[in-house]
Amino acid sequence: MTALLAVEQLGKSFGGLRAVADLSLEVPRGCVAGLMGPNGAGKTTVINLLSGLLRPDHGHIRLDGVPIEALPAHEIAARGIARTYQNVRLFAGLTALEQVIAGCFLQRGASLLASLLGLPAARAAQRRVRARAMELLAQVGMAARAEQLAETLSYGEQRRIEIARALGAEPRLLLLDEPTAGMNAAESEAIGRLVHRLRDSGVTVLMVEHNVRLITAFCDRVSVMNFGRALVHGTPAACMAHPGVQEAYFGRRDDAARIQALR
Amino acid sequence: MANTLADLWEAYRSTLGFAIVNALFGLSTYAVLSVGILSFATVTYAAAGGFIGTQLALQLHWPTLLVLPAAAVAGAALAWLAALILLRLDSHWMALASLALVLLTRVVAINATGLTGGVSGLSVPLFVPFVVMPALLLIAVLLFWRLGASWYGIAARAVREDAVVAATIGIPARRIRMLAFVISGATGGAGGMALALMLHFLSPDTYFINVAFTMIAAVVLGGSYHWAGAIIGALVFTVLPVLAQAVLPAFEQVLNGVALLLIMIFLPRGLIDPRQWRLRRVRAR
Amino acid sequence: MALFADQLVNGCALGALYALFAIGFGLVFATLGILNAAHGTYASAAAIAAYFAVDALGVPFPLALLLGVAAAAVLALAVDQVAFQPLRAQGGGMLGALITSIAAWIVLDNLADDATGHQSLSFPLSSYPSGMIHLGAIAFARMQGWTILAMAAVTVAMHLLIRRSRFGAAMRAVGWNEAAAALSGVNPRAVVSATALLAGATSGLAGVLGAVLTQNVSYTLGEGLMLKGFAAVVVGGYDDVRGAAVAGVALGIIEVMTAQYLSSSLRDGITYALLLGFLLLRPRGLFGSAAFTRA
């Protein structure tokens, strides 16, 4: 059985800078995968490549074996990849519920003409979308906020709404870019549990995350990147113990020794 | 008493008619503004609708009522073509290019004498019962209301606020914008024909920058976040000059300009601002 | 051949007006991010001020020219303060400033129309250097020569000012990122005001010279300059003075030649078609840098 997501020899440069260099990684169906790496390792670039916001210079991205790297972003979303953003990007002026209804665009289920004429089928589809959006808001614990303007909500709440919006596209693969950035420990835990519930409901998750504790507790497998390349893949524990990872995060052992010596 | 009422109606009927025409132009501008595009090209669609519609009636003897939808179709087709060109550009280049289209429109109107009568203009001896005007606006309102309530409405708002994010939830931003152009073209084309029916005379200057600026001003005053804004703005910007002329005839235009300036400074989001209502609703809790 | 040469000079002189106008218009767009629909009214105002200085006060032409330019500069600053500063304070976008500039345009155009008594005036022939100059087979009006010289001088001066001086660096910094410029010690208010003054002055110069060349002192002077100057900015690229100058002159020549050798009804069409073509194929203009973007 092929992995849900397979990335092969992916490369992307900006000017002279190689943001992603020959990256390969796989995300099996039904797991929570973590993508780690120091700042500037190229993690967000990978997410942008996977969601079609950037075109790779070379390499393949396969979803269920089908190459998608040449598709426009909205096609990729239709094929089943949805995402959130490192710095929450909700639509200004829309309520929480409307954000998620927008996220359900692919489930609209009626032609524009039918909607204009208010045909019963279109009205039913609209009710279905609304109910689904409410359900998703409830799933992320935001049902009580449905009618509020999203920009008036707290940062953590906005992140949850962004996840609900992404889920509206009924993704097979959900990409979360630092879903707990700026959150305290309790809020991060809650996001971790939410991700587990999503996995159990059949959504495969790939998340970029800095919080090592969260990765260890909630990810089934981890890939660590540095300088645009994959350093190591494996279980969280194995990855954390890998000397290359230690070095990427904390510097070389002999560097540390030298710093000690300088003191 | 009945006589004075009839006189009043006679005096202000044409004002109402022009307000409706301006409302159609305003809605046409709103249609693209609601997906985040500032375009002056409504003037071009209006010219296409007005000239083509008039010629259909004069040369091919189409019934006047059939000419209005034909003008809408002509406007929509032209808008589709314009979108193919304009959507390749970034936002403010798009605004500039649409302004260039307006300038070109006038050149075409002057030179395509067979269609437009050239500099000497084109007489439009067509008459419809006045009720056609409000009916036209009603149809447009129904269209925009249904659009706003459908999935298109929310997709348009998503594209307006952040086209990149919209794409990653599966909204084809370019297609939504094409659609917005076509809607803008149809409304503008019908408005152009309605203007011809109000004026009974068309010249190359009928569809020019003054129309563009009236409609943009109307949308800004009324608010560009709800279709009702375009209509209310158009009403104000049609009635205001009439009032100004009654009060201070010498400075009618100057007063218009001052009013526009004050509105923009003190009411930057316009009279109809759904976001404000929602914020107030939150605070009221 | 002599006809061609004469028309070439005519085109250059007309184009010099467009260029002068375009330089200020582009400067405001690049530095302040404003598409200023009122830019043409500064030209009309300068022409009217100079006209009344000559006609009513008997001021000599060179001094009247300076008065007109100064009036346009002050007017531009006033418009900036009244119509643009409040929006800047609110952090309003480009659309808002476009609308307020339209408002200023409506107001000023109508005031100009009132000032000239709803007609087109013209400078008395004896009031300005009106002789002809003969250069070999070419003959052209003295004022055409002055106009071309003025355009060349302003282009060089503005280019040096923007690219070589500290003030120019500050202007470009504000154009890039106002907040960052302020943090690095640039006073954005001063830069904004100076930009408005400069833009008004160049527009005013185009206005007075244009009023003499075209024998038209009325609000239509500014409107005509506005449409063609706008085309010159797009064709030349709004962030480069040289581009605006070259494009302005080129458009002037194309316009005159089209009218002479093709058909006078096509003269505007060619300009606007070029405008559209450039927007589509080379939106940053002849000299525009690809990296230049304005938030």
# chains A, B, ... in the order shown; residues from 1 in each chain; ligands from 1
>>> residues_around(residues="segment 100-108 of chain B", least_positions_apart="5", cutoff="10 Å", atoms="only C-alpha atoms", output="PyMOL selection string")
(chain B and resi 39-45+47-48+82+86+94-95+113+115-116+118+203-209+212) or (chain C and resi 227+230-231+265-277+279)
>>> residues_around(residues="Val46 of chain A", least_positions_apart="3", cutoff="9 Å", atoms="only C-alpha atoms", output="ChimeraX atom specification")
/A:10,12,19-20,23,42-43,49-51,54,228
>>> interface_residues(of="chain A", to="chain B", cutoff="6 Å", atoms="only C-alpha atoms", output="MDAnalysis selection string")
chainID A and resid 73:74 77:78 91 93 102:103 115:116
>>> write_last_selection(atoms="C-alpha atoms", output="mmCIF file, in the first residue's frame")
data_model
loop_
_atom_site.group_PDB
_atom_site.id
_atom_site.type_symbol
_atom_site.label_atom_id
_atom_site.label_comp_id
_atom_site.auth_asym_id
_atom_site.auth_seq_id
_atom_site.Cartn_x
_atom_site.Cartn_y
_atom_site.Cartn_z
ATOM 1 C CA ALA A 73 -3.623 25.547 -5.401
ATOM 2 C CA HIS A 74 -7.397 25.243 -5.685
ATOM 3 C CA ALA A 77 -7.356 21.543 -2.308
ATOM 4 C CA ALA A 78 -9.980 19.729 -4.372
ATOM 5 C CA PHE A 91 -10.878 36.488 6.151
ATOM 6 C CA GLY A 93 -15.144 40.870 8.126
ATOM 7 C CA ALA A 102 -16.163 29.449 2.921
ATOM 8 C CA GLY A 103 -13.987 26.466 3.785
ATOM 9 C CA SER A 115 -28.763 28.860 -6.158
ATOM 10 C CA LEU A 116 -29.908 32.030 -7.924
#
>>> closest_atom_pairs(of="chain C", to="chain B", cutoff="9 Å", atoms="only C-alpha atoms", output="CSV")
residue,atom,partner,partner_atom,distance
C:Val82,CA,B:Leu261,CA,8.9
C:Ala83,CA,B:Leu261,CA,6.8
C:Phe84,CA,B:Ile265,CA,8.9
C:Pro86,CA,B:Ile265,CA,6.4
C:Leu87,CA,B:Ile265,CA,6.4
C:Gln90,CA,B:Ile265,CA,8.8
C:Gly92,CA,B:Pro268,CA,7.9
C:Met94,CA,B:His92,CA,8.5
C:Leu95,CA,B:Leu38,CA,7.9
C:Gly96,CA,B:Met264,CA,6.7
C:Ala97,CA,B:Met264,CA,8.6
C:Ile99,CA,B:Ala217,CA,6.9
C:Thr100,CA,B:Leu261,CA,5.2
C:Ser101,CA,B:Leu261,CA,8.2
C:Ile102,CA,B:Phe213,CA,7.4
C:Ala103,CA,B:Gly257,CA,4.3
C:Ala104,CA,B:Gly257,CA,6.4
C:Trp105,CA,B:Gly257,CA,7.7
C:Ile106,CA,B:Gly257,CA,5.3
C:Val107,CA,B:Val254,CA,4.4
C:Leu108,CA,B:Val254,CA,7.7
C:Asp109,CA,B:Val254,CA,8.5
C:Asn110,CA,B:Val254,CA,6.2
C:Leu111,CA,B:Val254,CA,7.3
C:Asp114,CA,B:Ala250,CA,8.8
C:Leu227,CA,B:Leu103,CA,8.3
C:Ala231,CA,B:Ala100,CA,8.3
C:Val234,CA,B:Leu96,CA,8.6
C:Ser265,CA,B:Asn111,CA,7.1
C:Leu266,CA,B:Val107,CA,7.8
C:Asp268,CA,B:Val107,CA,6.8
C:Gly269,CA,B:Val107,CA,5.6
C:Tyr272,CA,B:Leu104,CA,5.9
C:Ala273,CA,B:Leu104,CA,7.0
C:Leu275,CA,B:Ala100,CA,6.7
C:Leu276,CA,B:Ala100,CA,5.9
C:Leu279,CA,B:Ala97,CA,6.2
C:Leu280,CA,B:Leu89,CA,7.1
C:Pro283,CA,B:Trp93,CA,7.1
>>> residues_around(residues="segment 51-67 of chain C", least_positions_apart="4", cutoff="7 Å", atoms="only C-alpha atoms", output="VMD selection string")
chain C and resid 47 71 123 127 to 128 208
>>> select_by_dssp(residues="segment 173-264 of chain B", states="alpha helix (DSSP H)", output="ChimeraX atom specification")
/B:173-199,209-222,227-247,252-264
